[in-house]
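Taking it in order: structure first as structure tokens, then the write-up.
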Amino acid sequence: MRGAKLYSYRYVCGGREVIAEYLTDHSARVVKHLTRVKSSPLSRYAALKGGVGEEDFVNALLVAGALHDVGKAFYQLSVRVDERGCERLSFMGHEWISAYFIERLRREVSPRKSPVVPLLDVALYAVLLHHHAMDVRDRARKSVTRLKPPRREDIISGLSELSELIPDNAIKEAYLETLEDTVDKVLKHAGKSLADIITPVQTTYFDILKKSADRKGRRVLYLLGVAALVTADYLAAGEVRGPSASRFWKAVLEFSNTYFRGR
């Protein structure tokens, strides 16, 4: 049975639903595009410069793709009205909550159980920065006022479906085992302060920045992770919302055609 419908994007104008993009479907499309990274120039470069296995790197990207928008589940009632009276769901700061889910997995899963666990910092970094990297901390502050979650049961039901997109069994099991508790921790702070959610992510983020400065190979993995997730996210969104008219859309297409081509 399909879980509760959670939106990844929703646009309503004149009382008509113009675009309805569901979280599970969007995440599946992102994972589909990231799967193209297998045996691609991007994964080979990650292995060469980052000192990791290609398959492990790609699987870390797939975890990021599967969970990059889980934070949106808590904004399903957060509506923004534009000058024409049209309504969009507002997901300001959702990436911090998504990163919190991955942070919990980093703490819950032993590296002995999965070779992907040591690369979950790469997944966390990509998820945290996949929107507006330059003002990511400002978006965290604004996220508190925008957080208007639906029923707890609907969040859990909808997010449980995403486990099917996680390629690693140990991480998948931990995600499902911790899902209710993680959801409850976020709901506890809805409409108040998300400090208990943001602080552990921020601590890890600063630690990542330090690693990036000290270890060139790790810096390569972080940057490739962000580039891959942003590209896959734009491609997946474009399939439903249509291609962007910006120059950035052309850059996304060029990047994916060049570096996402597996053998």
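Here's how to read the names in the structure tokens: chain A, B, ... by the order shown, residue numbers from 1 in each chain, ligand numbers from 1 in the order shown.
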Using only C-alpha atoms, which residues sit within 10 Å of A:Cys86 once same-chain residues fewer than 4 positions away are excluded, as an mmCIF file with N, CA and C atoms, in the first residue's frame?
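What ended up in selection01.cif:
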data_model
loop_
_atom_site.group_PDB
_atom_site.id
_atom_site.type_symbol
_atom_site.label_atom_id
_atom_site.label_comp_id
_atom_site.auth_asym_id
_atom_site.auth_seq_id
_atom_site.Cartn_x
_atom_site.Cartn_y
_atom_site.Cartn_z
ATOM 1 N N TYR A 11 1.987 23.692 -6.596
ATOM 2 C CA TYR A 11 1.647 25.032 -7.065
ATOM 3 C C TYR A 11 0.164 25.054 -7.421
ATOM 4 N N VAL A 12 -0.590 25.936 -6.765
ATOM 5 C CA VAL A 12 -2.029 26.060 -6.976
ATOM 6 C C VAL A 12 -2.338 27.492 -7.383
ATOM 7 N N CYS A 13 -3.054 27.661 -8.481
ATOM 8 C CA CYS A 13 -3.371 29.002 -8.968
ATOM 9 C C CYS A 13 -4.815 29.021 -9.481
ATOM 10 N N GLY A 14 -5.571 30.023 -9.048
ATOM 11 C CA GLY A 14 -6.962 30.113 -9.454
ATOM 12 C C GLY A 14 -7.792 28.935 -8.990
ATOM 13 N N GLY A 15 -7.406 28.384 -7.858
ATOM 14 C CA GLY A 15 -8.123 27.226 -7.338
ATOM 15 C C GLY A 15 -7.810 25.928 -8.049
ATOM 16 N N ARG A 16 -6.869 25.964 -9.019
ATOM 17 C CA ARG A 16 -6.501 24.767 -9.775
ATOM 18 C C ARG A 16 -5.094 24.327 -9.423
ATOM 19 N N GLU A 17 -4.919 23.046 -9.182
ATOM 20 C CA GLU A 17 -3.590 22.507 -8.892
ATOM 21 C C GLU A 17 -2.807 22.407 -10.192
ATOM 22 N N VAL A 18 -1.855 23.314 -10.374
ATOM 23 C CA VAL A 18 -1.094 23.380 -11.621
ATOM 24 C C VAL A 18 0.002 22.324 -11.650
ATOM 25 N N VAL A 79 2.216 27.320 3.435
ATOM 26 C CA VAL A 79 1.824 27.902 2.143
ATOM 27 C C VAL A 79 2.323 29.335 2.016
ATOM 28 N N ARG A 80 2.855 29.642 0.838
ATOM 29 C CA ARG A 80 3.279 31.002 0.519
ATOM 30 C C ARG A 80 2.435 31.505 -0.645
ATOM 31 N N VAL A 81 1.870 32.716 -0.520
ATOM 32 C CA VAL A 81 1.003 33.281 -1.553
ATOM 33 C C VAL A 81 1.767 34.379 -2.292
ATOM 34 N N ASP A 82 1.788 34.308 -3.636
ATOM 35 C CA ASP A 82 2.510 35.314 -4.412
ATOM 36 C C ASP A 82 1.590 36.484 -4.763
#
- Query: Could you pull out the strand (DSSP E or B) residues of stretch 52-172 of chain A from DSSP and send them as a ChimeraX atom specification?
  - Reply: /A:79-81,87-89
Can those selected residues be exported to a file as a PDB file, in the first residue's frame so that it contains C-alpha atoms?
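The new file out.pdb reads:
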ATOM      1  CA  VAL A  79       1.824  27.902   2.143  1.00  0.00           C
ATOM      2  CA  ARG A  80       3.279  31.002   0.519  1.00  0.00           C
ATOM      3  CA  VAL A  81       1.003  33.281  -1.553  1.00  0.00           C
ATOM      4  CA  GLU A  87      -0.057  29.365  -3.659  1.00  0.00           C
ATOM      5  CA  ARG A  88       3.170  27.402  -3.320  1.00  0.00           C
ATOM      6  CA  LEU A  89       4.366  25.213  -0.516  1.00  0.00           C
TER       7      LEU A  89
END
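With only C-alpha atoms as the atoms that count, the residue of A:Gly71, A:Pro167, A:Gly225, A:Gly51 with the shortest distance to A:Leu6 is A:Gly71.
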Just the number, please: distance in Å from atom CA of A:Ser193 to atom CA of A:Leu147, one decimal.
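So the two atoms, atom CA of A:Ser193 and atom CA of A:Leu147, lie 10.2 Å apart.
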query: Separation of atom CA of A:Val70 and atom CA of A:Leu42, in Å?
result: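 Calculated distance between atom CA of A:Val70 and atom CA of A:Leu42 is 25.5 Å.
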Among A:Glu108, A:Thr199, A:Glu21, A:Ala73, A:Thr178 is approached most closely, using only C-alpha atoms, by A:Glu108
The residue from A:Gly85, A:Gly93, A:Pro111, A:Pro149 with the smallest atom-to-atom distance to A:Ile198, counting only C-alpha atoms, is A:Gly93
Here atom CA of A:Gly217 and atom CA of A:Leu61 stand apart by 16.6 Å
Could you produce a table of the residues of stretch 19-107 of chain A lying within 7 Å of stretch 243-261 of chain A, with the nearest pair of atoms per residue and their separation in Å rounded to one decimal, using only C-alpha atoms, ordered by chain and increasing residue number, as a tab-separated table?
residue	atom	partner	partner_atom	distance
A:Arg36	CA	A:Phe260	CA	5.4
A:Val37	CA	A:Phe260	CA	4.7
A:Ser40	CA	A:Arg261	CA	5.1
A:Pro41	CA	A:Tyr259	CA	5.2
A:Leu42	CA	A:Tyr259	CA	5.3
Using only C-alpha atoms, please write the residues we just selected to a file, as a compact mmCIF listing (two decimals), in the first residue's frame.
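As written to disk, out16.txt reads:
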# COMPACT_ATOMS: atom_id res chain seq x y z
CA ARG A 36 24.09 7.11 -13.85
CA VAL A 37 27.20 8.11 -11.90
CA SER A 40 31.26 7.44 -14.86
CA PRO A 41 34.09 9.99 -15.11
CA LEU A 42 32.77 11.53 -11.88
inquiry  = List the spatial neighbours of A:Glu239 as a ChimeraX atom specification - criterion: any atom at most 10 Å away, only C-alpha atoms, same-chain residues fewer than 4 positions off excluded.
reply    = /A:26,29,234-235,243
Query raised in the report: Hey, what's within 9 Å of A:Lys148 if we count only C-alpha atoms and toss same-chain stuff fewer than 5 positions away? As a VMD selection string, please?
Result: chain A and resid 74 to 78 190 to 191
How would the residues just picked look written out with C-alpha atoms as a CSV table (one decimal), in the first residue's frame?
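Here's the written file out.csv:
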chain,number,residue,atom,x,y,z
A,74,PHE,CA,7.4,18.7,7.9
A,75,TYR,CA,6.3,21.7,5.7
A,76,GLN,CA,3.2,20.2,4.1
A,77,LEU,CA,1.0,23.0,5.4
A,78,SER,CA,3.4,25.9,4.9
A,190,ALA,CA,7.9,22.5,15.5
A,191,GLY,CA,6.9,26.1,15.8
Report task. Kindly indicate which residue among A:Asp214, A:Asp168, A:Asp69, A:Glu177 lies nearest to A:Met92, using only C-alpha atoms for the distances. Result ->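 Ranking A:Asp214, A:Asp168, A:Asp69, A:Glu177 by distance to A:Met92, first place goes to A:Asp69.
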**Prompt:** Of the candidates A:Tyr9, A:Tyr175, A:Tyr205, A:Tyr125, which shows the shortest atom-to-atom distance to A:Ala60, using only C-alpha atoms?
**Reply:**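 Of the candidates, the smallest distance to A:Ala60 is held by A:Tyr125.
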> Closest to A:Lys113 among A:Asp233, A:Glu180, A:Asp196, A:Glu173, using only C-alpha atoms?
Replying inline: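 Closest to A:Lys113 of all the choices is A:Glu173.
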| Residue set, stretch 72-130 of chain A restricted to alpha helix (DSSP H), as a ChimeraX atom specification | /A:94-108,120-128
Selected residues written out, C-alpha atoms, as a PDB file, in the first residue's frame:
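The result, stored in result-v3.pdb:
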ATOM      1  CA  HIS A  94      14.187  21.766   4.960  1.00  0.00           C
ATOM      2  CA  GLU A  95      17.741  20.712   4.115  1.00  0.00           C
ATOM      3  CA  TRP A  96      18.757  21.053   7.784  1.00  0.00           C
ATOM      4  CA  ILE A  97      16.146  18.518   8.835  1.00  0.00           C
ATOM      5  CA  SER A  98      17.126  16.202   5.970  1.00  0.00           C
ATOM      6  CA  ALA A  99      20.752  16.442   7.071  1.00  0.00           C
ATOM      7  CA  TYR A 100      19.669  15.646  10.633  1.00  0.00           C
ATOM      8  CA  PHE A 101      18.242  12.327   9.432  1.00  0.00           C
ATOM      9  CA  ILE A 102      21.611  11.456   7.890  1.00  0.00           C
ATOM     10  CA  GLU A 103      23.458  12.647  10.996  1.00  0.00           C
ATOM     11  CA  ARG A 104      21.447  10.175  13.063  1.00  0.00           C
ATOM     12  CA  LEU A 105      22.339   7.364  10.653  1.00  0.00           C
ATOM     13  CA  ARG A 106      26.026   8.285  10.974  1.00  0.00           C
ATOM     14  CA  ARG A 107      25.709   7.789  14.722  1.00  0.00           C
ATOM     15  CA  GLU A 108      23.500   4.674  14.630  1.00  0.00           C
ATOM     16  CA  LEU A 120      27.868   9.485   5.110  1.00  0.00           C
ATOM     17  CA  ASP A 121      29.626  12.768   5.889  1.00  0.00           C
ATOM     18  CA  VAL A 122      29.820  13.258   2.111  1.00  0.00           C
ATOM     19  CA  ALA A 123      26.076  12.547   1.881  1.00  0.00           C
ATOM     20  CA  LEU A 124      25.336  14.963   4.743  1.00  0.00           C
ATOM     21  CA  TYR A 125      27.420  17.734   3.174  1.00  0.00           C
ATOM     22  CA  ALA A 126      25.688  17.310  -0.191  1.00  0.00           C
ATOM     23  CA  VAL A 127      22.217  17.309   1.374  1.00  0.00           C
ATOM     24  CA  LEU A 128      22.896  20.350   3.547  1.00  0.00           C
TER      25      LEU A 128
END
**Neighbour list for stretch 43-49 of chain A as a PyMOL selection string, cut-off 8 Å, only C-alpha atoms, skip fewer than 6 positions in-chain** = chain A and resi 37+57-58+217+220-221+224
Residues as selected, C-alpha atoms, written as a PDB file, in the first residue's frame, can you do that?
ATOM      1  CA  VAL A  37      27.201   8.107 -11.897  1.00  0.00           C
ATOM      2  CA  PHE A  57      30.994   6.629  -3.272  1.00  0.00           C
ATOM      3  CA  VAL A  58      28.014   6.138  -5.570  1.00  0.00           C
ATOM      4  CA  GLY A 217      41.107  14.150  -1.088  1.00  0.00           C
ATOM      5  CA  VAL A 220      37.231  16.523  -3.652  1.00  0.00           C
ATOM      6  CA  LEU A 221      34.571  14.093  -2.408  1.00  0.00           C
ATOM      7  CA  LEU A 224      31.748  16.167  -6.184  1.00  0.00           C
TER       8      LEU A 224
END
